[in-house]
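Heads up: the structure comes next, in structure tokens.
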Amino acid sequence: MSNSIDIRTEKLTKSFGSIRALVDLDLEVQRGGTFGFLGPNGAGKTTTVRILSGLLRPTSGNATVCGFDIHTQRDQIKAVTGLLPEAPGLYSKLSAVEFLEFIGALNDLSGEILHKRIDQLMALMGLESRQNDLLESFSSGMKQKVLVASTIIHEPRLVFLDEPTSRLDPAASALVKELILALAKETETTFFICSHMTDFVEHVCDIIGILVDGVLTTLGSPEDIVHRIGASDLEEAYLKIVGGEVDRSKLLAWRD
């Protein structure tokens, strides 16, 4: 097996009763790559992340993450990856520093190394003046920044991000985008990003997959997909693929 592949799936499938959330997914993600997963709500993106991060067992098929088997080595996968779920939980009665100390301890970090990373991440996120305040006093955007910091504090080899910019303002979204690009380039951190934000994915990801009803229908670079579909940008291409194009001529038809 090539060491340059961080994610490899073969016919990966997940069913919930009669519902097939993921169907025969064949995918490879290169080490140090930024892979974007697009698709409508319910397409199977989060299910895929949960399987690959070791939180959910597939119904059938196989996959390796950083060389570890998802069936037999889930603990090893969790040790070398970071996960920011779409609806993460925070301990609101902890300060930002206390929360990051807790996450660090879960990842066998402590002492000077941990506190240096906390100080650096809080400064990067613009939260150094609030780092000792309780998280319950933070805005949703500030909480998301802390969660992003908690996901990368142990310097994972691969990071799963599910809607990482959903609660961020444009400036904070730009910060997260630059952080992803810098980590991918300078440390060969691999990113697997689920998002509805086509502009964010278009600028951050080198390869994009589009999932529709659990099936990977489209795979390629943003430029390749836009060209293949005959669109002006990724948003237009995405809407053509998933069938969500807006008929502008009918927008105000209710007024007739």
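Labels for the structure tokens follow display order: chains A, B, ..., residues from 1 in each chain, ligands from 1.
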
Do you have, as a Markdown table, the list of residues of region 75-147 of chain A lying at most 10 Å from region 183-202 of chain A, each with its nearest atom pair and that distance in Å to one decimal, counting only C-alpha atoms and ordered by chain then number?
| residue | atom | partner | partner_atom | distance |
| --- | --- | --- | --- | --- |
| A:Thr81 | CA | A:Thr190 | CA | 9.3 |
| A:Gly82 | CA | A:Phe191 | CA | 9.5 |
| A:Leu83 | CA | A:Phe192 | CA | 9.6 |
| A:Leu84 | CA | A:Ile193 | CA | 9.6 |
| A:Pro85 | CA | A:Cys194 | CA | 9.6 |
| A:Glu86 | CA | A:Cys194 | CA | 8.9 |

Selection above as a file: all heavy atoms, as a compact mmCIF listing (two decimals), in the first residue's frame:
# COMPACT_ATOMS: atom_id res chain seq x y z
N THR A 81 -6.08 11.19 14.12
CA THR A 81 -6.98 12.09 13.39
C THR A 81 -7.61 13.09 14.35
O THR A 81 -7.63 12.90 15.56
CB THR A 81 -8.10 11.31 12.67
OG1 THR A 81 -8.88 10.59 13.63
CG2 THR A 81 -7.53 10.35 11.65
N GLY A 82 -8.11 14.18 13.76
CA GLY A 82 -8.90 15.15 14.50
C GLY A 82 -10.27 15.24 13.86
O GLY A 82 -10.40 15.09 12.64
N LEU A 83 -11.30 15.50 14.66
CA LEU A 83 -12.67 15.55 14.15
C LEU A 83 -13.41 16.75 14.71
O LEU A 83 -13.49 16.92 15.93
CB LEU A 83 -13.43 14.27 14.51
CG LEU A 83 -14.95 14.26 14.27
CD1 LEU A 83 -15.27 14.41 12.79
CD2 LEU A 83 -15.58 12.99 14.83
N LEU A 84 -13.93 17.58 13.80
CA LEU A 84 -14.82 18.66 14.19
C LEU A 84 -16.19 18.34 13.60
O LEU A 84 -16.42 18.57 12.41
CB LEU A 84 -14.33 20.01 13.67
CG LEU A 84 -15.22 21.21 13.98
CD1 LEU A 84 -15.40 21.39 15.47
CD2 LEU A 84 -14.67 22.48 13.35
N PRO A 85 -17.10 17.78 14.40
CA PRO A 85 -18.42 17.43 13.87
C PRO A 85 -19.27 18.66 13.61
O PRO A 85 -18.94 19.78 14.05
CB PRO A 85 -19.03 16.56 14.97
CG PRO A 85 -18.33 16.99 16.22
CD PRO A 85 -16.94 17.41 15.82
N GLU A 86 -20.38 18.45 12.88
CA GLU A 86 -21.24 19.59 12.53
C GLU A 86 -21.90 20.19 13.76
O GLU A 86 -22.09 21.40 13.83
CB GLU A 86 -22.31 19.13 11.53
CG GLU A 86 -23.20 20.26 11.05
CD GLU A 86 -24.19 19.83 9.99
OE1 GLU A 86 -24.29 18.61 9.73
OE2 GLU A 86 -24.87 20.70 9.42

What lies within 10 Å of Ser139 (chain A) using only C-alpha atoms, ignoring chain neighbours under 5 positions off, as an mmCIF file with all heavy atoms, in the first residue's frame?
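The result, stored in selection25.cif:
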data_model
loop_
_atom_site.group_PDB
_atom_site.id
_atom_site.type_symbol
_atom_site.label_atom_id
_atom_site.label_comp_id
_atom_site.auth_asym_id
_atom_site.auth_seq_id
_atom_site.Cartn_x
_atom_site.Cartn_y
_atom_site.Cartn_z
ATOM 1 N N GLN A 144 -16.938 28.375 17.917
ATOM 2 C CA GLN A 144 -16.461 27.594 16.770
ATOM 3 C C GLN A 144 -14.949 27.720 16.619
ATOM 4 O O GLN A 144 -14.263 26.757 16.274
ATOM 5 C CB GLN A 144 -17.174 28.053 15.488
ATOM 6 C CG GLN A 144 -16.890 27.203 14.262
ATOM 7 C CD GLN A 144 -17.588 25.854 14.284
ATOM 8 O OE1 GLN A 144 -18.181 25.464 15.274
ATOM 9 N NE2 GLN A 144 -17.511 25.140 13.176
ATOM 10 N N LYS A 145 -14.416 28.910 16.885
ATOM 11 C CA LYS A 145 -12.963 29.088 16.835
ATOM 12 C C LYS A 145 -12.268 28.195 17.857
ATOM 13 O O LYS A 145 -11.234 27.578 17.567
ATOM 14 C CB LYS A 145 -12.599 30.552 17.101
ATOM 15 C CG LYS A 145 -12.910 31.514 15.967
ATOM 16 C CD LYS A 145 -12.449 32.909 16.348
ATOM 17 C CE LYS A 145 -12.677 33.911 15.246
ATOM 18 N NZ LYS A 145 -12.191 35.270 15.617
ATOM 19 N N ARG A 167 -20.709 28.695 11.509
ATOM 20 C CA ARG A 167 -21.077 29.742 12.474
ATOM 21 C C ARG A 167 -20.069 30.886 12.502
ATOM 22 O O ARG A 167 -20.018 31.654 13.457
ATOM 23 C CB ARG A 167 -21.204 29.121 13.878
ATOM 24 C CG ARG A 167 -22.427 28.236 14.042
ATOM 25 C CD ARG A 167 -22.480 27.551 15.397
ATOM 26 N NE ARG A 167 -21.446 26.530 15.515
ATOM 27 C CZ ARG A 167 -21.605 25.279 15.090
ATOM 28 N NH1 ARG A 167 -22.727 24.928 14.516
ATOM 29 N NH2 ARG A 167 -20.641 24.393 15.241
ATOM 30 N N LEU A 168 -19.267 30.989 11.454
ATOM 31 C CA LEU A 168 -18.219 32.001 11.442
ATOM 32 C C LEU A 168 -18.553 33.162 10.527
ATOM 33 O O LEU A 168 -19.174 32.989 9.474
ATOM 34 C CB LEU A 168 -16.900 31.357 10.974
ATOM 35 C CG LEU A 168 -16.336 30.239 11.843
ATOM 36 C CD1 LEU A 168 -15.045 29.709 11.251
ATOM 37 C CD2 LEU A 168 -16.113 30.716 13.277
#

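Checking A:Thr64, A:Asn41, A:Ser18, A:Thr218 one by one against Tyr238 (chain A), counting only C-alpha atoms, you find the shortest gap at A:Thr218.
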
Practice item. To one decimal in Å, tell me the separation between CA of Cys205 (chain A) and CA of Pro222 (chain A). Key: 7.7 Å

Exercise for review: Extract, using only C-alpha atoms, all DNA, RNA and protein residues at most 12 Å from Lys116 (chain A), discarding same-chain residues fewer than 2 positions from it, and format them as a PyMOL selection string.
Suggested key: chain A and resi 97+100-101+104+109-114+118-123+153-154

Practice item. Please identify all polymer residues within 7 Å of Val204 (chain A), counting only C-alpha atoms, omitting same-chain residues fewer than 5 positions from it, and present them as a list in words. Key: Thr34, Lys177 and Leu181 of chain A

Exercise for review: DSSP on the backbone, then: every residue of region 52-130 of chain A marked strand (DSSP E), written as an NGL selection string.
Suggested key: :A and (60-65 or 68-69 or 81-84)

Review point. To one decimal place, how far is CA of Glu155 (chain A) from CA of Arg31 (chain A) in Å?
Key: 14.4 Å

Review point. Which distance in Å separates CA of Gly220 (chain A) and CA of Ile7 (chain A), to one decimal?
Key: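 For CA of Gly220 (chain A) relative to CA of Ile7 (chain A), the distance reads 15.8 Å.
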
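Residue nearest Leu124 (chain A), chosen from A:Leu179, A:Ser53, A:Ala174, A:Lys143 and counting only C-alpha atoms: A:Leu179.
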
Review point. From the list A:Glu163, A:Asp26, A:Asp6, A:Glu236, which residue is nearest Gly61 (chain A) when using only C-alpha atoms?
Key: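 Ranking A:Glu163, A:Asp26, A:Asp6, A:Glu236 by distance to Gly61 (chain A), first place goes to A:Asp26.
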